[in-house]
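K.L.:
Okay, so here is final_4.cif, and as you'll see once you scroll down, it has mmCIF, C-alpha atoms.
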```cif
data_my_file
loop_
_atom_site.label_atom_id
_atom_site.label_comp_id
_atom_site.auth_asym_id
_atom_site.auth_seq_id
_atom_site.Cartn_x
_atom_site.Cartn_y
_atom_site.Cartn_z
CA MET A 277 71.02 45.28 17.59
CA ALA A 278 70.85 48.26 19.94
CA GLY A 279 68.14 46.42 21.83
CA LYS A 280 70.41 43.46 22.56
CA VAL A 281 73.23 45.74 23.72
CA PHE A 282 70.78 47.63 25.94
CA GLY A 283 69.51 44.38 27.42
CA ILE A 284 72.99 43.20 28.38
CA LEU A 285 74.02 46.59 29.78
CA VAL A 286 70.90 47.03 31.90
CA LEU A 287 70.96 43.49 33.29
CA ALA A 288 74.64 43.92 34.19
CA ALA A 289 73.85 47.30 35.74
CA LEU A 290 71.07 45.76 37.85
CA GLY A 291 73.28 42.88 38.94
CA PHE A 292 76.40 44.83 39.77
CA GLY A 293 74.45 47.77 41.11
CA GLY A 294 72.66 45.48 43.51
CA LEU A 295 75.89 43.79 44.57
CA ASN A 296 77.65 47.12 45.10
CA GLY A 297 74.65 48.75 46.75
CA ARG A 298 74.52 51.43 44.08
CA LEU A 299 71.03 50.90 42.75
CA GLY A 300 70.10 54.48 43.59
CA GLU A 301 72.92 55.78 41.41
CA VAL A 302 71.91 53.38 38.66
CA ALA A 303 68.37 54.72 38.76
CA GLN A 304 69.61 58.31 38.55
CA ALA A 305 71.93 57.33 35.74
CA SER A 306 68.98 56.19 33.64
CA VAL A 307 67.59 59.71 33.73
CA ALA A 308 70.99 61.27 33.21
CA GLY A 309 71.64 58.94 30.30
CA ALA A 310 68.47 59.94 28.50
CA GLY A 311 69.43 63.58 28.98
CA LYS A 312 72.92 62.92 27.65
CA ALA A 313 71.42 61.29 24.59
CA VAL A 314 69.42 64.42 23.84
CA GLU A 315 72.47 66.67 24.37
CA LEU A 316 74.49 64.42 22.10
CA SER A 317 71.78 64.44 19.45
CA LEU A 318 71.68 68.22 19.48
CA SER A 319 75.41 68.58 18.92
CA LEU A 320 75.27 65.73 16.41
CA LEU A 321 72.43 67.55 14.64
CA GLY A 322 74.60 70.60 14.12
CA MET A 323 77.58 68.59 12.94
CA MET A 324 75.49 66.28 10.74
CA CYS A 325 73.88 69.22 8.98
CA LEU A 326 77.15 71.04 8.52
CA TRP A 327 79.17 68.12 7.21
CA SER A 328 76.38 66.61 5.12
CA GLY A 329 76.08 70.00 3.49
CA VAL A 330 79.84 70.22 3.02
CA MET A 331 79.90 66.74 1.45
CA GLN A 332 77.18 67.72 -1.02
CA VAL A 333 79.17 70.77 -2.06
CA LEU A 334 82.41 68.80 -2.41
CA GLU A 335 80.45 66.26 -4.43
CA THR A 336 79.14 69.00 -6.75
CA LEU A 337 82.65 70.40 -7.16
CA GLY A 338 83.83 66.95 -8.16
CA LEU A 339 86.35 66.84 -5.33
CA SER A 340 85.00 63.74 -3.60
CA ARG A 341 85.23 61.81 -6.87
CA LEU A 342 88.87 62.90 -7.14
CA LEU A 343 89.59 61.80 -3.58
CA CYS A 344 87.95 58.47 -4.26
CA ARG A 345 90.00 57.93 -7.40
CA LEU A 346 93.20 58.65 -5.43
CA LEU A 347 92.25 56.06 -2.83
CA ALA A 348 90.84 53.58 -5.35
CA PRO A 349 93.34 50.72 -4.84
CA VAL A 350 92.81 50.81 -1.05
CA MET A 351 89.04 51.01 -1.53
CA ARG A 352 88.99 48.07 -3.88
CA PHE A 353 90.99 45.96 -1.44
CA LEU A 354 89.11 46.82 1.74
CA PHE A 355 85.62 47.43 0.41
CA PRO A 356 85.19 45.30 -2.72
CA GLU A 357 81.41 45.41 -2.87
CA ALA A 358 81.26 49.20 -2.62
CA ALA A 359 84.01 49.56 -5.23
CA ARG A 360 82.14 47.27 -7.59
CA SER A 361 78.72 48.87 -7.26
CA GLY A 362 80.11 52.40 -7.00
CA LYS A 363 77.76 53.21 -4.16
CA GLY A 364 79.41 54.32 -0.96
CA SER A 365 83.08 54.53 -2.01
CA ARG A 366 83.02 58.32 -2.05
CA GLU A 367 81.44 58.53 1.38
CA ILE A 368 83.84 55.93 2.80
CA ALA A 369 86.84 57.80 1.37
CA ALA A 370 85.63 61.06 2.92
CA ALA A 371 85.00 59.45 6.31
CA VAL A 372 88.41 57.75 6.39
CA CYS A 373 90.15 61.01 5.46
CA ALA A 374 88.30 62.93 8.17
CA ASN A 375 89.42 60.34 10.73
CA LEU A 376 93.03 60.38 9.60
CA LEU A 377 93.23 64.16 9.48
CA GLY A 378 91.94 64.38 13.06
CA VAL A 379 88.78 66.28 12.10
CA GLY A 380 86.84 64.55 14.87
CA ASN A 381 83.64 66.52 14.45
CA ALA A 382 83.32 65.62 10.81
CA ALA A 383 84.27 61.99 11.27
CA THR A 384 81.03 60.73 12.83
CA PRO A 385 78.64 62.50 10.45
CA LEU A 386 80.65 61.39 7.43
CA ALA A 387 80.79 57.82 8.74
CA VAL A 388 77.04 57.85 9.30
CA ARG A 389 76.54 59.01 5.70
CA ALA A 390 78.86 56.25 4.53
CA MET A 391 76.85 53.59 6.36
CA GLU A 392 73.64 55.01 4.90
CA ALA A 393 75.14 54.79 1.44
CA LEU A 394 76.15 51.19 2.09
CA SER A 395 72.71 50.26 3.38
CA GLU A 396 71.81 48.99 -0.09
CA GLN A 397 74.21 46.12 0.50
CA ARG A 398 72.20 45.04 3.51
CA GLY A 399 71.04 41.43 3.36
CA GLU A 400 67.54 40.13 4.09
CA ASP A 401 66.50 40.33 7.80
CA GLY A 402 68.70 43.41 8.05
CA GLU A 403 72.04 41.62 8.00
CA ALA A 404 75.18 43.72 7.77
CA SER A 405 77.19 43.25 4.59
CA ASP A 406 80.94 42.52 4.64
CA ASP A 407 81.75 46.10 3.67
CA MET A 408 79.54 47.47 6.45
CA VAL A 409 81.28 45.30 9.03
CA THR A 410 84.75 46.20 7.72
CA PHE A 411 83.93 49.89 7.83
CA THR A 412 82.55 49.67 11.38
CA ILE A 413 85.61 47.78 12.62
CA LEU A 414 87.80 50.40 10.98
CA GLY A 415 85.84 53.02 12.90
CA CYS A 416 86.47 51.19 16.17
CA ALA A 417 90.19 50.91 15.49
CA CYS A 418 90.27 54.62 14.56
CA PRO A 419 93.62 54.90 12.80
CA SER A 420 94.86 58.43 13.21
CA ILE A 421 97.76 60.57 12.11
CA PHE A 422 97.19 63.23 14.73
CA PRO A 423 95.53 62.15 18.00
CA THR A 424 94.43 65.58 19.20
CA THR A 425 92.66 64.47 22.40
CA LEU A 426 95.58 62.35 23.48
CA ILE A 427 98.12 65.15 23.09
CA ALA A 428 95.84 67.49 25.01
CA LEU A 429 95.48 65.00 27.87
CA ARG A 430 99.25 64.45 28.02
CA SER A 431 99.99 68.18 28.05
CA ALA A 432 97.45 68.72 30.81
CA ALA A 433 99.07 65.97 32.86
CA GLY A 434 102.41 67.73 32.59
CA SER A 435 104.20 65.38 30.22
CA ALA A 436 107.81 66.36 29.48
CA ASP A 437 107.22 65.97 25.76
CA PRO A 438 103.60 65.27 24.81
CA PHE A 439 104.50 64.87 21.14
CA SER A 440 107.09 62.18 21.76
CA ILE A 441 104.29 59.66 21.68
CA LEU A 442 103.52 60.37 18.03
CA ILE A 443 105.84 57.87 16.37
CA PRO A 444 104.90 55.05 18.77
CA VAL A 445 101.26 55.94 18.13
CA TRP A 446 101.72 55.71 14.37
CA CYS A 447 103.39 52.30 14.69
CA CYS A 448 100.85 50.89 17.12
CA SER A 449 97.95 52.44 15.21
CA ALA A 450 99.11 50.86 11.95
CA LEU A 451 99.67 47.49 13.65
CA CYS A 452 96.37 47.48 15.49
CA THR A 453 94.35 48.62 12.47
CA THR A 454 95.96 45.95 10.28
CA ALA A 455 95.30 43.31 12.94
CA ALA A 456 91.67 44.45 13.16
CA MET A 457 91.20 44.25 9.38
CA VAL A 458 92.77 40.80 9.21
CA LEU A 459 90.59 39.56 12.08
CA ALA A 460 87.48 40.94 10.40
CA ARG A 461 88.40 39.19 7.14
CA CYS A 462 88.97 35.85 8.93
CA LEU A 463 85.95 35.98 11.21
CA ARG A 464 83.52 36.74 8.40
CA HIS A 465 83.61 33.09 7.45
CA LEU A 466 82.21 32.16 10.85
CA PHE A 467 79.20 34.35 10.14
CA PRO A 468 78.65 34.13 6.40
CA GLU A 469 76.10 36.38 4.75
CA LYS A 470 72.77 34.58 4.37
CA LYS A 471 72.29 35.54 0.76
CA LYS A 472 75.69 34.10 -0.05
CA ARG A 473 74.88 30.96 1.91
CA ARG A 474 71.83 30.48 -0.23
CA ARG A 475 73.86 30.85 -3.41
CA GLN A 476 76.20 28.06 -2.35
CA ALA A 477 73.34 25.72 -1.40
CA MET B 212 106.08 68.58 15.74
CA SER B 213 103.83 71.50 16.57
CA TRP B 214 103.47 72.34 12.87
CA LEU B 215 101.37 69.16 12.74
CA SER B 216 99.07 70.49 15.42
CA ARG B 217 98.74 73.78 13.56
CA LEU B 218 97.92 71.84 10.41
CA THR B 219 95.15 69.87 12.09
CA GLU B 220 93.79 73.00 13.75
CA GLY B 221 93.59 74.65 10.38
CA MET B 222 91.88 71.73 8.64
CA VAL B 223 88.32 72.65 9.47
CA PRO B 224 88.68 76.40 8.73
CA LEU B 225 90.45 75.47 5.49
CA ILE B 226 87.72 73.12 4.30
CA LEU B 227 84.95 75.53 5.27
CA ALA B 228 86.79 78.40 3.58
CA LEU B 229 87.01 76.27 0.43
CA ILE B 230 83.27 75.69 0.55
CA GLY B 231 82.54 79.35 1.27
CA GLY B 232 84.85 80.50 -1.46
CA GLY B 233 83.14 78.14 -3.85
CA MET B 234 79.75 79.56 -2.93
CA LEU B 235 81.10 83.04 -3.69
CA VAL B 236 82.66 82.41 -7.08
CA SER B 237 81.20 79.24 -8.54
CA LYS B 238 78.42 79.29 -11.10
CA LYS B 239 77.08 75.99 -9.77
CA PRO B 240 74.19 76.10 -7.24
CA LEU B 241 76.48 75.25 -4.32
CA THR B 242 74.38 76.92 -1.64
CA ASP B 243 71.32 74.95 -2.72
CA ARG B 244 73.31 71.75 -2.64
CA PHE B 245 74.56 72.58 0.84
CA MET B 246 71.00 73.13 2.07
CA GLN B 247 69.91 69.88 0.48
CA GLY B 248 72.71 67.98 2.19
CA ALA B 249 72.03 69.69 5.50
CA ARG B 250 68.36 68.72 5.33
CA GLU B 251 69.32 65.09 4.71
CA GLY B 252 71.66 65.31 7.69
CA MET B 253 68.78 66.53 9.85
CA GLN B 254 66.61 63.57 8.88
CA THR B 255 69.39 61.13 9.64
CA THR B 256 69.99 62.58 13.10
CA VAL B 257 66.31 62.34 13.99
CA LYS B 258 66.37 58.74 12.81
CA LEU B 259 69.30 58.04 15.14
CA LEU B 260 67.90 59.60 18.32
CA PRO B 261 66.00 56.52 19.59
CA THR B 262 69.11 54.39 19.18
CA LEU B 263 71.21 56.97 21.01
CA ILE B 264 68.72 56.99 23.88
CA LEU B 265 68.86 53.22 24.29
CA LEU B 266 72.63 53.16 24.11
CA LEU B 267 73.33 56.07 26.43
CA VAL B 268 70.80 55.06 29.06
CA GLY B 269 72.26 51.55 29.08
CA VAL B 270 75.84 52.77 29.24
CA SER B 271 75.15 55.37 31.96
CA MET B 272 73.48 52.74 34.12
CA PHE B 273 76.30 50.30 33.48
CA THR B 274 79.01 52.78 34.49
CA ALA B 275 77.06 53.95 37.54
CA SER B 276 76.69 50.41 38.83
CA GLY B 277 80.41 49.94 39.33
CA ALA B 278 80.38 46.95 37.01
CA ALA B 279 83.73 47.95 35.52
CA ASP B 280 85.49 47.77 38.92
CA ALA B 281 84.00 44.38 39.71
CA LEU B 282 84.86 42.99 36.28
CA ALA B 283 88.39 44.39 36.58
CA ALA B 284 88.90 42.40 39.77
CA LEU B 285 87.58 39.32 37.99
CA VAL B 286 89.90 39.50 34.97
CA ALA B 287 92.99 40.72 36.82
CA PRO B 288 94.36 37.23 37.60
CA ILE B 289 94.32 36.40 33.89
CA LEU B 290 95.41 39.65 32.30
CA VAL B 291 98.03 41.03 34.68
CA PRO B 292 100.46 38.12 34.31
CA LEU B 293 100.15 38.59 30.55
CA GLY B 294 101.61 42.09 30.77
CA ILE B 295 98.65 44.41 31.24
CA PRO B 296 99.22 46.80 34.16
CA LYS B 297 96.52 46.25 36.78
CA GLU B 298 96.09 50.01 37.17
CA LEU B 299 94.66 50.14 33.65
CA LEU B 300 92.07 47.39 34.06
CA THR B 301 89.08 49.46 35.15
CA PHE B 302 89.85 51.98 32.41
CA LEU B 303 90.08 49.18 29.83
CA LEU B 304 86.73 47.79 30.86
CA THR B 305 85.07 51.21 30.64
CA ARG B 306 86.66 52.20 27.33
CA PRO B 307 84.39 50.20 25.00
CA PHE B 308 81.34 51.60 26.73
CA SER B 309 81.77 55.25 27.49
CA GLY B 310 84.01 57.86 25.94
CA SER B 311 83.43 60.50 28.59
CA ALA B 312 83.88 58.16 31.57
CA SER B 313 86.97 56.56 30.10
CA THR B 314 88.54 59.91 29.16
CA ALA B 315 87.92 61.17 32.71
CA MET B 316 89.51 57.99 34.05
CA ALA B 317 92.45 58.46 31.72
CA ALA B 318 93.00 62.01 32.98
CA GLU B 319 93.01 60.70 36.57
CA LEU B 320 95.42 57.90 35.68
CA PHE B 321 97.74 60.39 33.97
CA SER B 322 97.81 62.64 37.01
CA GLU B 323 98.42 59.69 39.32
CA PHE B 324 101.08 57.86 37.35
CA GLY B 325 102.43 60.58 35.08
CA ALA B 326 102.11 60.63 31.31
CA ASP B 327 105.71 59.53 30.77
CA SER B 328 105.74 56.43 32.96
CA THR B 329 105.28 52.91 31.59
CA VAL B 330 101.65 52.98 32.68
CA GLY B 331 101.20 56.45 31.18
CA THR B 332 102.78 55.44 27.89
CA ALA B 333 100.69 52.29 27.64
CA LEU B 334 97.60 54.35 28.42
CA SER B 335 98.53 56.89 25.74
CA LEU B 336 98.93 54.19 23.12
CA ILE B 337 95.69 52.50 24.08
CA LEU B 338 93.83 55.82 23.94
CA ALA B 339 95.06 56.36 20.40
CA THR B 340 94.15 52.90 19.16
CA SER B 341 90.75 52.26 20.70
CA ASP B 342 87.36 53.87 20.77
CA THR B 343 83.91 53.71 22.32
CA MET B 344 82.89 50.47 20.71
CA VAL B 345 79.27 50.43 21.86
CA TYR B 346 78.66 53.90 20.49
CA VAL B 347 80.48 53.34 17.18
CA ILE B 348 78.86 49.97 16.45
CA GLY B 349 75.45 51.10 17.69
CA VAL B 350 75.34 54.33 15.70
CA TYR B 351 76.90 52.93 12.52
CA MET B 352 74.57 49.92 12.45
CA ALA B 353 71.53 52.08 13.15
CA ALA B 354 72.53 54.41 10.33
CA GLY B 355 72.78 51.47 7.95
CA GLY B 356 69.48 50.02 9.15
CA VAL B 357 71.20 46.83 10.25
CA LYS B 358 69.50 44.40 12.62
CA LYS B 359 72.12 41.65 12.60
CA SER B 360 75.70 42.76 12.88
CA ARG B 361 77.29 39.33 12.33
CA HIS B 362 80.93 39.27 13.39
CA THR B 363 81.26 42.98 14.19
CA VAL B 364 81.12 42.83 18.00
CA LEU B 365 83.32 39.73 18.29
CA SER B 366 85.84 41.19 15.86
CA ALA B 367 85.92 44.55 17.60
CA LEU B 368 86.38 43.01 21.06
CA LEU B 369 89.16 40.69 19.91
CA SER B 370 90.86 43.53 18.02
CA MET B 371 90.78 45.73 21.08
CA LEU B 372 92.19 42.95 23.26
CA LEU B 373 94.96 42.31 20.75
CA GLY B 374 95.58 46.04 20.45
CA VAL B 375 95.88 46.38 24.23
CA PHE B 376 98.53 43.65 24.31
CA ILE B 377 100.43 45.34 21.49
CA CYS B 378 100.31 48.73 23.22
CA CYS B 379 101.35 47.39 26.63
CA ALA B 380 104.24 45.46 25.07
CA ALA B 381 105.30 48.58 23.15
CA ALA B 382 105.18 50.68 26.33
CA GLN B 383 107.24 48.07 28.18
CA TRP B 384 109.78 48.09 25.36
CA LEU B 385 109.94 51.88 25.26
CA LYS B 386 110.16 52.47 28.98
CA GLY B 387 111.25 49.15 30.48
#
```
Can you present the structure in this file as structure tokens?
P.N.:
Amino acid sequence: MAGKVFGILVLAALGFGGLNGRLGEVAQASVAGAGKAVELSLSLLGMMCLWSGVMQVLETLGLSRLLCRLLAPVMRFLFPEAARSGKGSREIAAAVCANLLGVGNAATPLAVRAMEALSEQRGEDGEASDDMVTFTILGCACPSIFPTTLIALRSAAGSADPFSILIPVWCCSALCTTAAMVLARCLRHLFPEKKKRRRQA
Amino acid sequence: MSWLSRLTEGMVPLILALIGGGMLVSKKPLTDRFMQGAREGMQTTVKLLPTLILLLVGVSMFTASGAADALAALVAPILVPLGIPKELLTFLLTRPFSGSASTAMAAELFSEFGADSTVGTALSLILATSDTMVYVIGVYMAAGGVKKSRHTVLSALLSMLLGVFICCAAAQWLKG
């Protein structure tokens, strides 16, 4: 998966870099990129350890089960397989809450944990399950109640009222997230899961 | 509205204080559990590093090559008549690939066109409803051990496109 993305990116970089006469910068970027990956991993390491630890504690205190029960109807609707098997619903609930509450640092580690928990649903040849795809799309649409980075950018740019964007953001966010979920539901039939295909045949 | 920002600021200290408090008073082995979770987190991160390297090297090279500018020129004749401001095109093409590059571009766009203009409002809405697709899909799928992502990329691209139209239309309606 990452390999295919890399292939497309690098070929495009070679092509456009050549056309724009920026091959030197492209070459330097390959080194810079590897360095950035290490920097990112280091900060991710800290956050992953912290929030994985926090999740374990919340789990032991029974709080994540409580959260999951509160969100149960939503979970059952969006992530039926996880709700049925019981594996992954708690992690998904935690990740979604972190995203909504604007706790950016916790969101990625918790989402990674959620995907790990869902990995049992993976089909043969490493196919993503419906729940895994839904969760990833939800991550890309990133519904948020408080867009911290955005407000900061607007303030820095001298906006008259940086917070005035909040209600439009909530409306658009809700619309876009719903649209994304609907699209994901519809498109899954174009790429049915192999194990399900076999059951029908 | 600033009580909201204070609430979000306080979220992390609140949660960590809850955990810390628990470690102080609870009879359960919370510290051990924390360490156990942290160790699992470490293993996961190490597992993800090779994927991150592939993704970030690819993305860095892609952004450095000026591909986004060239592609923006290509798609402008189709997208601009449909309501997407041409000033946003290069940003839109960078957004799925690189968070840092696209945020930097957004800051520049804000200072050039102002955060309260139609362009600035559309940009604000798009920033709040999109994310670095390559990174999200790449990392999530690697974490789940997935080799075939099925309809994820197509879905995400179409959703972002649809989202951009929604945000631009909303900005037009708000400021037009």
K.L.:
Give me the residues within 12 Å of Arg398 in chain A as number ranges by chain, counting all atoms listed in the file and dropping any in the same chain fewer than 2 places off.
P.N.:
A: 357-358, 391-396, 400-409, 469-471; B: 352-361
K.L.:
Measure the distance from CA of Pro468 in chain A to CA of Gly399 in chain A in Å and round it to one decimal.
P.N.:
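According to the coordinates, CA of Pro468 in chain A and CA of Gly399 in chain A are separated by 11.0 Å.
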K.L.:
Would you mind reading off the distance between CA of Lys297 in chain B and CA of Leu369 in chain B, one decimal, in Å?
P.N.:
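A separation of 19.2 Å between them.
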K.L.:
Show me, as a PDB file with C-alpha atoms, in the frame of the given file, every residue of chain B with an atom at most 6 Å from chain A, counting only C-alpha atoms.
P.N.:
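Output contents, as saved in part.pdb:
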```pdb
ATOM      1  CA  LEU B 241      76.480  75.250  -4.320  1.00  0.00           C
ATOM      2  CA  ARG B 244      73.310  71.750  -2.640  1.00  0.00           C
ATOM      3  CA  PHE B 245      74.560  72.580   0.840  1.00  0.00           C
ATOM      4  CA  GLY B 248      72.710  67.980   2.190  1.00  0.00           C
ATOM      5  CA  ALA B 249      72.030  69.690   5.500  1.00  0.00           C
ATOM      6  CA  GLY B 252      71.660  65.310   7.690  1.00  0.00           C
ATOM      7  CA  MET B 253      68.780  66.530   9.850  1.00  0.00           C
ATOM      8  CA  THR B 256      69.990  62.580  13.100  1.00  0.00           C
ATOM      9  CA  LEU B 263      71.210  56.970  21.010  1.00  0.00           C
ATOM     10  CA  ILE B 264      68.720  56.990  23.880  1.00  0.00           C
ATOM     11  CA  LEU B 267      73.330  56.070  26.430  1.00  0.00           C
ATOM     12  CA  VAL B 268      70.800  55.060  29.060  1.00  0.00           C
ATOM     13  CA  GLY B 269      72.260  51.550  29.080  1.00  0.00           C
ATOM     14  CA  SER B 271      75.150  55.370  31.960  1.00  0.00           C
ATOM     15  CA  MET B 272      73.480  52.740  34.120  1.00  0.00           C
ATOM     16  CA  PHE B 273      76.300  50.300  33.480  1.00  0.00           C
ATOM     17  CA  ALA B 275      77.060  53.950  37.540  1.00  0.00           C
ATOM     18  CA  SER B 276      76.690  50.410  38.830  1.00  0.00           C
ATOM     19  CA  ALA B 278      80.380  46.950  37.010  1.00  0.00           C
ATOM     20  CA  PHE B 321      97.740  60.390  33.970  1.00  0.00           C
ATOM     21  CA  SER B 322      97.810  62.640  37.010  1.00  0.00           C
ATOM     22  CA  ALA B 326     102.110  60.630  31.310  1.00  0.00           C
ATOM     23  CA  LEU B 336      98.930  54.190  23.120  1.00  0.00           C
ATOM     24  CA  THR B 340      94.150  52.900  19.160  1.00  0.00           C
ATOM     25  CA  SER B 341      90.750  52.260  20.700  1.00  0.00           C
ATOM     26  CA  ASP B 342      87.360  53.870  20.770  1.00  0.00           C
ATOM     27  CA  MET B 344      82.890  50.470  20.710  1.00  0.00           C
ATOM     28  CA  GLY B 349      75.450  51.100  17.690  1.00  0.00           C
ATOM     29  CA  TYR B 351      76.900  52.930  12.520  1.00  0.00           C
ATOM     30  CA  ALA B 354      72.530  54.410  10.330  1.00  0.00           C
ATOM     31  CA  GLY B 355      72.780  51.470   7.950  1.00  0.00           C
ATOM     32  CA  VAL B 357      71.200  46.830  10.250  1.00  0.00           C
ATOM     33  CA  LYS B 358      69.500  44.400  12.620  1.00  0.00           C
ATOM     34  CA  LYS B 359      72.120  41.650  12.600  1.00  0.00           C
ATOM     35  CA  SER B 360      75.700  42.760  12.880  1.00  0.00           C
ATOM     36  CA  ARG B 361      77.290  39.330  12.330  1.00  0.00           C
ATOM     37  CA  THR B 363      81.260  42.980  14.190  1.00  0.00           C
ATOM     38  CA  SER B 366      85.840  41.190  15.860  1.00  0.00           C
ATOM     39  CA  ALA B 367      85.920  44.550  17.600  1.00  0.00           C
ATOM     40  CA  SER B 370      90.860  43.530  18.020  1.00  0.00           C
ATOM     41  CA  GLY B 374      95.580  46.040  20.450  1.00  0.00           C
TER      42      GLY B 374
END
```
K.L.:
Convert the output of the PyMOL selection byres ((chain B and resi 306-313) around 7) on the shown file into explicit residues, formatted as a list in words.
P.N.:
Val270, Phe302, Leu303, Leu304, Thr305, Thr314, Ala315, Met316, Ala317, Asp342, Thr343, Met344 and Val345 of chain B
K.L.:
Which polymer residues have any atom within 12 Å of an atom of Leu293 in chain B, counting only C-alpha atoms, with same-chain residues fewer than 2 positions away left out, as a CSV table (one decimal) with C-alpha atoms, in the frame of the given file?
P.N.:
```csv
chain,number,residue,atom,x,y,z
B,286,VAL,CA,89.9,39.5,35.0
B,287,ALA,CA,93.0,40.7,36.8
B,288,PRO,CA,94.4,37.2,37.6
B,289,ILE,CA,94.3,36.4,33.9
B,290,LEU,CA,95.4,39.6,32.3
B,291,VAL,CA,98.0,41.0,34.7
B,295,ILE,CA,98.6,44.4,31.2
B,296,PRO,CA,99.2,46.8,34.2
B,297,LYS,CA,96.5,46.2,36.8
B,372,LEU,CA,92.2,43.0,23.3
B,373,LEU,CA,95.0,42.3,20.8
B,375,VAL,CA,95.9,46.4,24.2
B,376,PHE,CA,98.5,43.6,24.3
B,377,ILE,CA,100.4,45.3,21.5
B,379,CYS,CA,101.4,47.4,26.6
B,380,ALA,CA,104.2,45.5,25.1
```
K.L.:
Care to translate the PyMOL selection byres ((chain A and resi 365) around 10) into actual residues of this file, as a list in words?
P.N.:
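The output of the PyMOL selection byres ((chain A and resi 365) around 10) on this file is Ser340, Arg341, Leu343, Cys344, Arg345, Leu347, Ala348, Met351, Arg352, Phe355, Pro356, Glu357, Ala358, Ala359, Arg360, Ser361, Gly362, Lys363, Gly364, Arg366, Glu367, Ile368, Ala369, Ala370, Ala371, Ala390, Ala393 and Leu394 of chain A.
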K.L.:
Under the rule that only C-alpha atoms are counted, which of B:Gln254, B:Thr301, B:Thr219, B:Thr262 is the nearest residue to Thr274 in chain B?
P.N.:
B:Thr301
K.L.:
Just to confirm, what's the straight-line distance from CA of Ala428 in chain A to CA of Leu225 in chain B in Å (one decimal)?
P.N.:
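Distance reported for this atom pair: 21.8 Å.
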K.L.:
Could you tell me, as a tab-separated table (two decimals) with C-alpha atoms, in the coordinates of the input, which residues have any atom at most 6 Å from (110.5, 53.1, 27.0), counting all atoms listed in the file?
P.N.:
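Contents of selection-v2.tsv, freshly written:
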```
chain	number	residue	atom	x	y	z
B	382	ALA	CA	105.18	50.68	26.33
B	384	TRP	CA	109.78	48.09	25.36
B	385	LEU	CA	109.94	51.88	25.26
B	386	LYS	CA	110.16	52.47	28.98
B	387	GLY	CA	111.25	49.15	30.48
```
K.L.:
Return as JSON the centre and edge lengths, in Å with one decimal, of the box along x, y and z that encloses every atom of range 286-304 of chain B in the file, padded by 3 Å per side.
P.N.:
```
{"center_x": 94.2, "center_y": 44.2, "center_z": 33.7, "size_x": 20.9, "size_y": 21.6, "size_z": 13.8}
```
